[in-house]
Each structure stands twice: as structure tokens, then as C-alpha cells.
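Structure file target28.cif with mmCIF, C-alpha atoms and all ligand atoms:
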```cif
data_model
#
loop_
_atom_site.label_atom_id
_atom_site.label_comp_id
_atom_site.auth_asym_id
_atom_site.auth_seq_id
_atom_site.Cartn_x
_atom_site.Cartn_y
_atom_site.Cartn_z
CA MET I 1 51.13 -55.25 -176.39
CA LYS I 2 47.59 -53.90 -176.65
CA PRO I 3 45.62 -53.53 -173.42
CA VAL I 4 42.44 -55.57 -173.15
CA ILE I 5 39.24 -54.27 -171.62
CA THR I 6 36.05 -56.14 -170.84
CA ALA I 7 32.56 -55.09 -171.87
CA PHE I 8 29.07 -56.59 -171.86
CA GLU I 9 28.53 -59.25 -174.50
CA SER I 10 24.94 -58.07 -174.51
CA SER I 11 24.51 -54.62 -173.02
CA PRO I 12 21.07 -53.91 -171.56
CA ASP I 13 21.30 -50.40 -173.02
CA ARG I 14 21.21 -51.83 -176.58
CA GLY I 15 24.30 -49.91 -177.69
CA GLN I 16 23.50 -46.50 -176.22
CA GLY I 17 26.98 -46.37 -174.66
CA LEU I 18 25.73 -46.03 -171.10
CA ALA I 19 27.65 -48.98 -169.63
CA ARG I 20 30.95 -48.04 -168.04
CA ASP I 21 33.20 -49.59 -170.68
CA MET I 22 32.23 -46.54 -172.79
CA ARG I 23 34.20 -44.25 -170.45
CA VAL I 24 37.29 -46.39 -170.75
CA ARG I 25 36.94 -46.74 -174.52
CA TRP I 26 36.63 -42.94 -174.82
CA ALA I 27 39.74 -42.39 -172.69
CA LEU I 28 41.71 -44.92 -174.75
CA GLU I 29 40.64 -43.15 -177.94
CA GLU I 30 41.56 -39.73 -176.54
CA VAL I 31 45.13 -40.88 -175.83
CA GLY I 32 45.40 -42.81 -179.10
CA GLN I 33 46.01 -46.17 -177.45
CA PRO I 34 44.74 -49.15 -179.52
CA TYR I 35 43.05 -51.83 -177.43
CA ASP I 36 41.22 -55.13 -177.61
CA VAL I 37 37.86 -55.91 -176.07
CA ARG I 38 36.85 -59.19 -174.46
CA LEU I 39 33.09 -59.48 -174.30
CA VAL I 40 31.66 -61.23 -171.26
CA SER I 41 28.21 -62.57 -170.49
CA PHE I 42 26.46 -61.92 -167.16
CA SER I 43 27.23 -65.47 -166.03
CA GLU I 44 30.91 -65.26 -167.06
CA MET I 45 31.26 -62.09 -164.98
CA LYS I 46 30.44 -64.09 -161.86
CA GLN I 47 32.88 -66.95 -162.58
CA ALA I 48 36.30 -67.39 -161.02
CA ALA I 49 38.32 -66.31 -164.06
CA HIS I 50 36.59 -62.93 -164.19
CA LEU I 51 36.41 -62.54 -160.41
CA ARG I 52 40.22 -62.73 -160.33
CA LEU I 53 40.20 -59.56 -162.44
CA HIS I 54 37.20 -57.91 -160.84
CA PRO I 55 36.29 -58.88 -157.27
CA PHE I 56 32.74 -57.56 -157.72
CA GLY I 57 32.08 -59.49 -160.93
CA GLN I 58 31.50 -56.45 -163.12
CA ILE I 59 32.76 -54.72 -166.24
CA PRO I 60 34.90 -52.89 -167.19
CA THR I 61 38.28 -54.40 -166.41
CA TYR I 62 41.61 -53.40 -167.92
CA GLU I 63 44.60 -55.67 -168.51
CA GLU I 64 47.99 -54.40 -169.64
CA GLY I 65 50.71 -57.04 -169.45
CA ASP I 66 50.63 -58.31 -165.88
CA LEU I 67 48.69 -55.29 -164.62
CA ALA I 68 44.97 -55.88 -164.06
CA LEU I 69 42.68 -53.02 -163.00
CA PHE I 70 39.00 -52.54 -162.31
CA GLU I 71 36.88 -49.45 -161.51
CA SER I 72 36.40 -47.15 -164.49
CA GLY I 73 37.69 -44.13 -162.54
CA ALA I 74 40.93 -45.87 -161.60
CA ILE I 75 41.43 -47.17 -165.14
CA ILE I 76 41.02 -43.69 -166.61
CA PHE I 77 43.29 -42.23 -163.95
CA HIS I 78 45.92 -44.82 -164.89
CA LEU I 79 45.59 -44.02 -168.61
CA ALA I 80 45.78 -40.30 -167.90
CA HIS I 81 49.05 -40.80 -166.02
CA ARG I 82 50.61 -43.06 -168.62
CA HIS I 83 49.67 -41.00 -171.68
CA ALA I 84 49.45 -37.37 -172.66
CA GLY I 85 46.07 -35.92 -173.51
CA LEU I 86 43.82 -36.43 -170.50
CA LEU I 87 45.49 -34.39 -167.76
CA PRO I 88 47.34 -31.06 -167.98
CA GLU I 89 51.11 -30.96 -167.54
CA ASP I 90 51.00 -28.20 -164.92
CA ALA I 91 50.84 -29.82 -161.47
CA ASN I 92 48.12 -27.57 -160.06
CA ALA I 93 45.95 -27.79 -163.18
CA ARG I 94 46.46 -31.57 -163.08
CA ALA I 95 45.30 -31.73 -159.48
CA ARG I 96 42.22 -29.65 -160.31
CA ALA I 97 41.33 -31.92 -163.24
CA ILE I 98 41.55 -34.91 -160.89
CA VAL I 99 39.19 -33.11 -158.50
CA TRP I 100 36.59 -33.06 -161.31
CA MET I 101 36.98 -36.81 -161.86
CA PHE I 102 36.20 -37.36 -158.19
CA ALA I 103 33.40 -34.79 -158.22
CA ALA I 104 31.75 -36.60 -161.13
CA LEU I 105 32.00 -39.99 -159.42
CA SER I 106 31.36 -39.12 -155.81
CA THR I 107 29.19 -35.98 -155.86
CA ILE I 108 27.23 -35.92 -159.11
CA GLU I 109 26.78 -39.63 -159.87
CA PRO I 110 25.35 -40.92 -156.54
CA PRO I 111 21.98 -39.08 -156.69
CA ILE I 112 21.69 -40.07 -160.36
CA VAL I 113 22.28 -43.72 -159.49
CA GLU I 114 19.72 -43.42 -156.71
CA LEU I 115 17.12 -42.20 -159.20
CA GLU I 116 17.89 -45.11 -161.56
CA GLN I 117 17.88 -47.69 -158.78
CA SER I 118 14.67 -46.35 -157.38
CA GLU I 119 12.94 -46.87 -160.70
CA TYR I 120 14.24 -50.47 -161.06
CA VAL I 121 13.57 -51.45 -157.47
CA ASP I 122 10.53 -49.41 -156.46
CA GLY I 123 8.99 -48.36 -159.78
CA ASP I 124 5.91 -50.50 -159.13
CA LYS I 125 5.38 -49.37 -155.52
CA PRO I 126 2.47 -47.03 -154.76
CA TRP I 127 4.75 -44.43 -153.11
CA TYR I 128 7.28 -44.33 -155.97
CA LYS I 129 5.56 -41.39 -157.72
CA GLU I 130 5.54 -39.39 -154.48
CA ARG I 131 9.26 -39.97 -153.95
CA LEU I 132 10.29 -39.15 -157.51
CA PRO I 133 10.21 -35.31 -157.23
CA MET I 134 12.46 -35.48 -154.16
CA LEU I 135 14.99 -37.67 -156.02
CA GLU I 136 14.90 -35.37 -159.05
CA ASP I 137 15.26 -32.26 -156.90
CA ARG I 138 18.38 -33.69 -155.28
CA ILE I 139 19.87 -34.06 -158.74
CA ARG I 140 18.73 -30.55 -159.70
CA VAL I 141 20.62 -29.12 -156.73
CA ARG I 142 23.87 -30.62 -158.01
CA LEU I 143 23.17 -29.76 -161.64
CA GLY I 144 22.43 -26.15 -160.69
CA GLU I 145 25.70 -25.91 -158.80
CA LEU I 146 27.63 -27.52 -161.63
CA SER I 147 25.93 -25.25 -164.16
CA ASN I 148 26.92 -22.18 -162.11
CA ARG I 149 30.52 -23.31 -161.98
CA LEU I 150 30.72 -24.13 -165.69
CA GLY I 151 29.16 -20.80 -166.70
CA ASP I 152 29.92 -20.13 -170.33
CA ALA I 153 33.18 -22.08 -170.39
CA ASP I 154 33.67 -25.01 -172.74
CA TRP I 155 35.19 -27.31 -170.09
CA LEU I 156 35.30 -27.39 -166.30
CA ASP I 157 38.87 -26.18 -165.89
CA ARG I 158 40.10 -24.61 -169.14
CA ALA I 159 41.32 -27.46 -171.39
CA PHE I 160 39.35 -30.70 -171.83
CA SER I 161 40.50 -33.31 -169.31
CA ALA I 162 39.68 -36.68 -167.79
CA GLY I 163 37.49 -34.69 -165.39
CA ASP I 164 35.29 -33.56 -168.29
CA LEU I 165 35.26 -37.05 -169.78
CA MET I 166 33.97 -38.48 -166.53
CA MET I 167 31.48 -35.65 -165.97
CA VAL I 168 30.02 -35.91 -169.47
CA MET I 169 29.60 -39.67 -169.08
CA VAL I 170 27.93 -39.25 -165.69
CA LEU I 171 25.55 -36.58 -167.06
CA ARG I 172 24.70 -38.87 -169.96
CA ARG I 173 23.10 -41.20 -167.46
CA LEU I 174 20.28 -38.63 -167.21
CA GLU I 175 19.37 -39.00 -170.88
CA GLY I 176 15.65 -39.34 -171.24
CA THR I 177 14.85 -37.61 -167.94
CA GLY I 178 14.95 -34.04 -169.31
CA LEU I 179 16.94 -32.93 -166.25
CA VAL I 180 20.16 -31.89 -168.00
CA GLU I 181 18.12 -29.96 -170.58
CA GLU I 182 16.90 -27.67 -167.77
CA TYR I 183 20.46 -26.27 -167.74
CA PRO I 184 21.29 -25.22 -171.32
CA ASN I 185 25.00 -24.77 -170.61
CA LEU I 186 25.21 -28.33 -169.23
CA SER I 187 23.30 -29.68 -172.18
CA ALA I 188 25.71 -27.92 -174.56
CA TYR I 189 28.64 -29.22 -172.48
CA VAL I 190 27.48 -32.83 -172.87
CA GLU I 191 27.00 -32.32 -176.61
CA ARG I 192 30.51 -30.82 -176.84
CA GLY I 193 31.91 -33.95 -175.23
CA LYS I 194 29.91 -36.22 -177.51
CA ALA I 195 31.13 -34.30 -180.57
CA ARG I 196 34.77 -35.11 -179.88
CA PRO I 197 36.19 -37.49 -182.51
CA ALA I 198 37.53 -39.82 -179.78
CA TYR I 199 34.05 -40.08 -178.24
CA GLN I 200 32.52 -40.81 -181.64
CA ARG I 201 34.99 -43.62 -182.34
CA ALA I 202 34.41 -45.15 -178.92
CA PHE I 203 30.65 -44.89 -179.31
CA ALA I 204 30.72 -46.48 -182.77
CA ASP I 205 32.84 -49.38 -181.50
CA GLN I 206 30.56 -50.22 -178.61
CA LEU I 207 27.48 -49.83 -180.82
CA ALA I 208 29.02 -52.29 -183.30
CA VAL I 209 28.95 -54.94 -180.55
CA PHE I 210 25.20 -54.52 -180.30
CA THR I 211 24.49 -54.27 -184.03
CA SER I 212 26.64 -57.30 -184.93
CA LYS I 213 24.84 -59.32 -182.28
CA SER I 214 21.45 -58.20 -183.63
CA GLU I 215 22.53 -59.17 -187.17
CA LYS I 216 23.52 -62.66 -185.98
CA ASN I 217 20.17 -63.14 -184.25
CA ARG I 218 18.16 -62.29 -187.38
N1 LIG W 1 32.19 -48.51 -159.91
C1 LIG W 1 32.32 -49.42 -161.02
C2 LIG W 1 33.06 -48.71 -162.17
O1 LIG W 1 32.98 -47.48 -162.28
O2 LIG W 1 33.74 -49.40 -162.95
C3 LIG W 1 30.93 -49.86 -161.43
C4 LIG W 1 30.99 -50.93 -162.49
C5 LIG W 1 29.56 -51.32 -162.91
O3 LIG W 1 28.56 -50.83 -162.36
N2 LIG W 1 29.50 -52.18 -163.90
C6 LIG W 1 28.21 -52.63 -164.39
C7 LIG W 1 28.15 -54.15 -164.32
O4 LIG W 1 29.10 -54.84 -164.60
C8 LIG W 1 28.07 -52.22 -165.84
S1 LIG W 1 28.07 -50.46 -166.03
N3 LIG W 1 26.99 -54.67 -163.93
C9 LIG W 1 26.76 -56.09 -163.86
C10 LIG W 1 26.67 -56.58 -162.47
O5 LIG W 1 26.90 -55.82 -161.52
O6 LIG W 1 26.35 -57.77 -162.34
C11 LIG W 1 26.48 -50.01 -165.26
C12 LIG W 1 25.40 -49.92 -166.31
C13 LIG W 1 24.80 -51.05 -166.77
C14 LIG W 1 23.79 -50.96 -167.71
C15 LIG W 1 23.40 -49.71 -168.15
N4 LIG W 1 22.35 -49.61 -169.10
O7 LIG W 1 21.86 -50.62 -169.61
O8 LIG W 1 21.91 -48.48 -169.41
C16 LIG W 1 24.04 -48.57 -167.70
C17 LIG W 1 25.05 -48.68 -166.76
#
```
Give the structure from the file, written as C-alpha cells.
Ligand code: GTB
Amino acid sequence: MKPVITAFESSPDRGQGLARDMRVRWALEEVGQPYDVRLVSFSEMKQAAHLRLHPFGQIPTYEEGDLALFESGAIIFHLAHRHAGLLPEDANARARAIVWMFAALSTIEPPIVELEQSEYVDGDKPWYKERLPMLEDRIRVRLGELSNRLGDADWLDRAFSAGDLMMVMVLRRLEGTGLVEEYPNLSAYVERGKARPAYQRAFADQLAVFTSKSEKNR
């Protein structure tokens, strides 16, 4: 039985692959697991049927038989345990790869989310422009540290892992800000992730949701 994930029926990013279903799609492609996608509208996400799957009324969710999961990190962690290809076999290397998943979600992503939220919520306030350099500098601190750790390696801990998948997706959230480009090794790292065939398939599939919707609305 194919697992089913949920994704936006109409993603605000217009198919740029920035919504969190993209992470799950990429992980599924990396492990070669076929899947189905159920598209949900913003109002459907807040209705009882979806809230049973996701208590916070969001995407993505993941259903596999009678198992229902939410939280992109937990879904990818589950996939990485069930299938080969996202975590190393060696126990210590596996633990280190998991560290990078957590680092992406709990150390690198929060200041990035704060920058995004600040623009949505306070973008029109007179003090927004004064606050912006502080928000960007907080991100730069983390990017500098990450850049130092990555050095000239291809991936964060030898072979590509779920930790890299998560980190690349988190860094992608800075597209358009120019911040990642200040660290050429991080920029190359993101491009390396995006060049992976599994990423490309996942990206094309989520883009097709947007393009088919645009075709219908013509
Ligand atoms: N911690 C959860 C996870 O990792 O799964 C967060 C899930 C989450 O934030 N889901 C968002 C959602 O469902 C979509 S991904 N939002 C609807 C709601 O809360 O009502 C976040 C997102 C949305 C849109 C863009 N974009 O347009 O660029 C990027 C990221």
C-alpha cells in the first residue's frame, strides 16, 4: 500500500517547493518509495477530518496503513528508519546524521522563520527597516558557523543523509535574501542538494500541482 501525504492544493509559493511537503517528497524519492498526494485547501486543513491527522491543521501529513504522522522532521525520521538511503548503517554515523536533522530544525531554521514572520507581520511598521539588520545578522552568525563546519566537504558528515536533506531545505528558505550566497560553500552545498535526481523528481511533482492548477484557471 502506497503512503499518502498531504500538500497545499494551492501553495502560496506558486510551485517554488518551499512548503514543507517538498521535504517529505524529496525523502520519499531518495528511498524510492512511491506515494500518493492528497491536496488540501486552507479551509479543509482546519476541518475535523484533517485535524484528526494533524492537530495543528497544517500540511504535510503522512499516512501509511493505520499509521498517521505529522511534522516533517518526524516523517523523514520515520522514512529514514524504515528504508535504506537516508541514514548511515553505522550507529555512531547514524546518530551524527540525526544531530544534523535537529540542528537544521532547531538551530538554523528558527532565526530564518523569525525573519520571514517579521516581514509578514511587521513589514509595514516604521521600525521594521531598523530591525532587519539585526534579524539578518542573527542568521549570518549561524550560517558562518555552519559554513566553517562544512568547509570544503560535500555533505555535513561524509555521505549524504537526512541531515543534509533537512539542512538544504531549511537553507532554501533564504532564497531571494542573498544571505546564503555570502557563504560560497553553503551556496554550493544547496545547489548540490538540488542537483540530486530525487530532489529534481520531487520538485517537478510539486510544481506540476501548481502548473496544472494554472492551466485549469486559464
Ligand atoms: N513544524 C511543521 C512541520 O515541519 O511539518 C510545520 C508545518 C507547517 O508550517 N506547515 C505549513 C502550513 O500548513 C505549510 S509549510 N501552513 C498553513 C497553516 O498553518 O494554516 C510552511 C510554508 C508555507 C508557505 C511557504 N511559501 O509560500 O513560501 C513556505 C513555507
>> Any residue with an atom at most 6 Å from ligand LIG 1 (chain W) counts, using only C-alpha atoms and all ligand atoms. Which are they? Put them as a PyMOL selection string.
In response: chain I and resi 11-13+18-20+58-60+71-73
> Which one is closest to Ile76 (chain I): I:Asp164, I:Glu116, I:Asp122, I:Asp36? Count all atoms listed in the file.
Replying inline: I:Asp164
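Restricting the calculation to only C-alpha atoms, the smallest distance between Pro88 (chain I) and any of I:Tyr189, I:Trp100, I:Tyr183, I:Phe160 is found for I:Phe160.
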> At a cut-off of 10 Å from (21.3, -31.9, -160.3) in the coordinates of the file, what residues are picked up using all atoms listed in the file, written as a list in words?
Replying inline: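 Collected hits near the coordinates: Thr107, Ile108, Glu109, Pro111, Ile112, Leu135, Glu136, Asp137, Arg138, Ile139, Arg140, Val141, Arg142, Leu143, Gly144, Glu145, Leu146, Ser147, Leu171, Leu174, Leu179, Val180, Glu182 and Tyr183 of chain I.
Picture a line from CA of Ala104 (chain I) to CA of His54 (chain I); it runs 22.0 Å.
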>> I'd like the neighbourhood of Glu64 (chain I) as a ChimeraX atom specification, where a residue qualifies if any of its atoms comes within 7 Å (using only C-alpha atoms), though same-chain residues fewer than 4 positions away should be ignored.
In response: /I:3-4,68
> Using only C-alpha atoms, which of the listed residues (I:Glu9, I:Glu130, I:Glu119, I:Glu30) sits closest to Ala162 (chain I)?
Replying inline: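 Residue with the minimum atom-to-atom distance to Ala162 (chain I): I:Glu30.
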> Which is closest to Val37 (chain I) among I:Val99, I:Ala159, I:Ala93, I:Met22, if we use all atoms listed in the file?
Replying inline: I:Met22
Around (34.0, -39.0, -176.7) in the file's frame, which residues reach within 10 Å when counting all atoms listed in the file? Return as an mmCIF file with C-alpha atoms, in the frame of the given file?
```cif
data_model
loop_
_atom_site.group_PDB
_atom_site.id
_atom_site.type_symbol
_atom_site.label_atom_id
_atom_site.label_comp_id
_atom_site.auth_asym_id
_atom_site.auth_seq_id
_atom_site.Cartn_x
_atom_site.Cartn_y
_atom_site.Cartn_z
ATOM 1 C CA MET I 22 32.230 -46.540 -172.790
ATOM 2 C CA ARG I 23 34.200 -44.250 -170.450
ATOM 3 C CA ARG I 25 36.940 -46.740 -174.520
ATOM 4 C CA TRP I 26 36.630 -42.940 -174.820
ATOM 5 C CA ALA I 27 39.740 -42.390 -172.690
ATOM 6 C CA LEU I 28 41.710 -44.920 -174.750
ATOM 7 C CA GLU I 29 40.640 -43.150 -177.940
ATOM 8 C CA GLU I 30 41.560 -39.730 -176.540
ATOM 9 C CA LEU I 165 35.260 -37.050 -169.780
ATOM 10 C CA VAL I 168 30.020 -35.910 -169.470
ATOM 11 C CA MET I 169 29.600 -39.670 -169.080
ATOM 12 C CA VAL I 190 27.480 -32.830 -172.870
ATOM 13 C CA GLU I 191 27.000 -32.320 -176.610
ATOM 14 C CA ARG I 192 30.510 -30.820 -176.840
ATOM 15 C CA GLY I 193 31.910 -33.950 -175.230
ATOM 16 C CA LYS I 194 29.910 -36.220 -177.510
ATOM 17 C CA ALA I 195 31.130 -34.300 -180.570
ATOM 18 C CA ARG I 196 34.770 -35.110 -179.880
ATOM 19 C CA PRO I 197 36.190 -37.490 -182.510
ATOM 20 C CA ALA I 198 37.530 -39.820 -179.780
ATOM 21 C CA TYR I 199 34.050 -40.080 -178.240
ATOM 22 C CA GLN I 200 32.520 -40.810 -181.640
ATOM 23 C CA ARG I 201 34.990 -43.620 -182.340
ATOM 24 C CA ALA I 202 34.410 -45.150 -178.920
ATOM 25 C CA PHE I 203 30.650 -44.890 -179.310
#
```
> Out of I:Val121, I:Met167, I:Ala7, I:Met45, which residue has the shortest atom-to-atom distance to Phe102 (chain I) when counting all atoms listed in the file?
Replying inline: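 For Phe102 (chain I), the nearest of the candidates is I:Met167.
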> Separation of CA of Leu67 (chain I) and CA of Glu89 (chain I), in Å?
Replying inline: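 Calculated distance between CA of Leu67 (chain I) and CA of Glu89 (chain I) is 24.6 Å.
Separating CA of Ala49 (chain I) from CA of Phe70 (chain I) is a distance of 13.9 Å.
Distances from I:Met1, I:Val31, I:Val209, I:Ala97 to Ala84 (chain I) were compared using all atoms listed in the file, and the smallest one belongs to I:Val31.
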Can you take region 58-89 of chain I from the block and write N, CA and C atoms as a PDB file, in the first residue's frame?
```
ATOM      1  N   GLN I  58      -2.278  21.649   9.693  1.00  0.00           N
ATOM      2  CA  GLN I  58      -1.262  22.038   8.705  1.00  0.00           C
ATOM      3  C   GLN I  58      -0.951  20.874   7.761  1.00  0.00           C
ATOM      4  N   ILE I  59      -0.141  21.173   6.770  1.00  0.00           N
ATOM      5  CA  ILE I  59       0.484  20.134   5.944  1.00  0.00           C
ATOM      6  C   ILE I  59       1.974  20.186   6.261  1.00  0.00           C
ATOM      7  N   PRO I  60       2.732  19.113   6.054  1.00  0.00           N
ATOM      8  CA  PRO I  60       2.320  17.834   5.491  1.00  0.00           C
ATOM      9  C   PRO I  60       1.880  16.857   6.582  1.00  0.00           C
ATOM     10  N   THR I  61       1.058  15.879   6.144  1.00  0.00           N
ATOM     11  CA  THR I  61       0.800  14.705   6.978  1.00  0.00           C
ATOM     12  C   THR I  61       1.269  13.491   6.177  1.00  0.00           C
ATOM     13  N   TYR I  62       1.322  12.367   6.861  1.00  0.00           N
ATOM     14  CA  TYR I  62       1.808  11.129   6.225  1.00  0.00           C
ATOM     15  C   TYR I  62       0.967   9.980   6.761  1.00  0.00           C
ATOM     16  N   GLU I  63       0.329   9.242   5.865  1.00  0.00           N
ATOM     17  CA  GLU I  63      -0.462   8.078   6.280  1.00  0.00           C
ATOM     18  C   GLU I  63       0.091   6.826   5.598  1.00  0.00           C
ATOM     19  N   GLU I  64       0.270   5.808   6.421  1.00  0.00           N
ATOM     20  CA  GLU I  64       0.809   4.530   5.915  1.00  0.00           C
ATOM     21  C   GLU I  64       0.025   3.447   6.646  1.00  0.00           C
ATOM     22  N   GLY I  65      -0.955   2.852   5.972  1.00  0.00           N
ATOM     23  CA  GLY I  65      -1.840   1.913   6.673  1.00  0.00           C
ATOM     24  C   GLY I  65      -2.537   2.640   7.807  1.00  0.00           C
ATOM     25  N   ASP I  66      -2.450   2.086   9.021  1.00  0.00           N
ATOM     26  CA  ASP I  66      -3.132   2.766  10.130  1.00  0.00           C
ATOM     27  C   ASP I  66      -2.201   3.710  10.904  1.00  0.00           C
ATOM     28  N   LEU I  67      -1.029   3.963  10.341  1.00  0.00           N
ATOM     29  CA  LEU I  67      -0.115   4.932  10.969  1.00  0.00           C
ATOM     30  C   LEU I  67      -0.329   6.320  10.349  1.00  0.00           C
ATOM     31  N   ALA I  68      -0.571   7.304  11.198  1.00  0.00           N
ATOM     32  CA  ALA I  68      -0.710   8.684  10.706  1.00  0.00           C
ATOM     33  C   ALA I  68       0.298   9.557  11.439  1.00  0.00           C
ATOM     34  N   LEU I  69       1.104  10.293  10.675  1.00  0.00           N
ATOM     35  CA  LEU I  69       2.143  11.149  11.267  1.00  0.00           C
ATOM     36  C   LEU I  69       1.996  12.579  10.782  1.00  0.00           C
ATOM     37  N   PHE I  70       2.482  13.501  11.573  1.00  0.00           N
ATOM     38  CA  PHE I  70       2.629  14.890  11.145  1.00  0.00           C
ATOM     39  C   PHE I  70       4.003  15.339  11.612  1.00  0.00           C
ATOM     40  N   GLU I  71       4.386  16.563  11.259  1.00  0.00           N
ATOM     41  CA  GLU I  71       5.720  17.134  11.493  1.00  0.00           C
ATOM     42  C   GLU I  71       6.710  16.546  10.467  1.00  0.00           C
ATOM     43  N   SER I  72       7.167  17.422   9.587  1.00  0.00           N
ATOM     44  CA  SER I  72       8.041  16.957   8.502  1.00  0.00           C
ATOM     45  C   SER I  72       9.283  16.244   9.052  1.00  0.00           C
ATOM     46  N   GLY I  73       9.847  16.756  10.146  1.00  0.00           N
ATOM     47  CA  GLY I  73      11.046  16.117  10.704  1.00  0.00           C
ATOM     48  C   GLY I  73      10.765  14.686  11.145  1.00  0.00           C
ATOM     49  N   ALA I  74       9.635  14.492  11.821  1.00  0.00           N
ATOM     50  CA  ALA I  74       9.288  13.160  12.313  1.00  0.00           C
ATOM     51  C   ALA I  74       8.977  12.214  11.153  1.00  0.00           C
ATOM     52  N   ILE I  75       8.355  12.756  10.117  1.00  0.00           N
ATOM     53  CA  ILE I  75       8.017  11.908   8.953  1.00  0.00           C
ATOM     54  C   ILE I  75       9.307  11.433   8.272  1.00  0.00           C
ATOM     55  N   ILE I  76      10.251  12.358   8.111  1.00  0.00           N
ATOM     56  CA  ILE I  76      11.510  11.993   7.448  1.00  0.00           C
ATOM     57  C   ILE I  76      12.317  11.031   8.325  1.00  0.00           C
ATOM     58  N   PHE I  77      12.278  11.255   9.607  1.00  0.00           N
ATOM     59  CA  PHE I  77      12.947  10.352  10.554  1.00  0.00           C
ATOM     60  C   PHE I  77      12.355   8.936  10.427  1.00  0.00           C
ATOM     61  N   HIS I  78      11.037   8.862  10.354  1.00  0.00           N
ATOM     62  CA  HIS I  78      10.356   7.576  10.186  1.00  0.00           C
ATOM     63  C   HIS I  78      10.797   6.904   8.873  1.00  0.00           C
ATOM     64  N   LEU I  79      10.792   7.670   7.787  1.00  0.00           N
ATOM     65  CA  LEU I  79      11.189   7.098   6.489  1.00  0.00           C
ATOM     66  C   LEU I  79      12.634   6.624   6.521  1.00  0.00           C
ATOM     67  N   ALA I  80      13.475   7.401   7.191  1.00  0.00           N
ATOM     68  CA  ALA I  80      14.898   7.058   7.246  1.00  0.00           C
ATOM     69  C   ALA I  80      15.137   5.787   8.056  1.00  0.00           C
ATOM     70  N   HIS I  81      14.252   5.515   9.006  1.00  0.00           N
ATOM     71  CA  HIS I  81      14.380   4.276   9.787  1.00  0.00           C
ATOM     72  C   HIS I  81      13.833   3.072   9.041  1.00  0.00           C
ATOM     73  N   ARG I  82      12.785   3.301   8.264  1.00  0.00           N
ATOM     74  CA  ARG I  82      12.138   2.191   7.563  1.00  0.00           C
ATOM     75  C   ARG I  82      12.859   1.773   6.288  1.00  0.00           C
ATOM     76  N   HIS I  83      13.603   2.710   5.704  1.00  0.00           N
ATOM     77  CA  HIS I  83      14.216   2.444   4.394  1.00  0.00           C
ATOM     78  C   HIS I  83      15.702   2.769   4.437  1.00  0.00           C
ATOM     79  N   ALA I  84      16.442   2.100   3.563  1.00  0.00           N
ATOM     80  CA  ALA I  84      17.854   2.448   3.417  1.00  0.00           C
ATOM     81  C   ALA I  84      17.965   3.714   2.569  1.00  0.00           C
ATOM     82  N   GLY I  85      19.032   4.463   2.781  1.00  0.00           N
ATOM     83  CA  GLY I  85      19.321   5.573   1.870  1.00  0.00           C
ATOM     84  C   GLY I  85      19.347   6.950   2.504  1.00  0.00           C
ATOM     85  N   LEU I  86      18.800   7.079   3.714  1.00  0.00           N
ATOM     86  CA  LEU I  86      18.792   8.416   4.316  1.00  0.00           C
ATOM     87  C   LEU I  86      19.610   8.514   5.594  1.00  0.00           C
ATOM     88  N   LEU I  87      19.966   7.378   6.170  1.00  0.00           N
ATOM     89  CA  LEU I  87      20.809   7.380   7.368  1.00  0.00           C
ATOM     90  C   LEU I  87      21.869   6.293   7.216  1.00  0.00           C
ATOM     91  N   PRO I  88      23.091   6.556   7.693  1.00  0.00           N
ATOM     92  CA  PRO I  88      24.137   5.527   7.575  1.00  0.00           C
ATOM     93  C   PRO I  88      23.820   4.302   8.434  1.00  0.00           C
ATOM     94  N   GLU I  89      24.408   3.185   8.059  1.00  0.00           N
ATOM     95  CA  GLU I  89      24.228   1.932   8.821  1.00  0.00           C
ATOM     96  C   GLU I  89      24.946   1.994  10.174  1.00  0.00           C
TER      97      GLU I  89
END
```
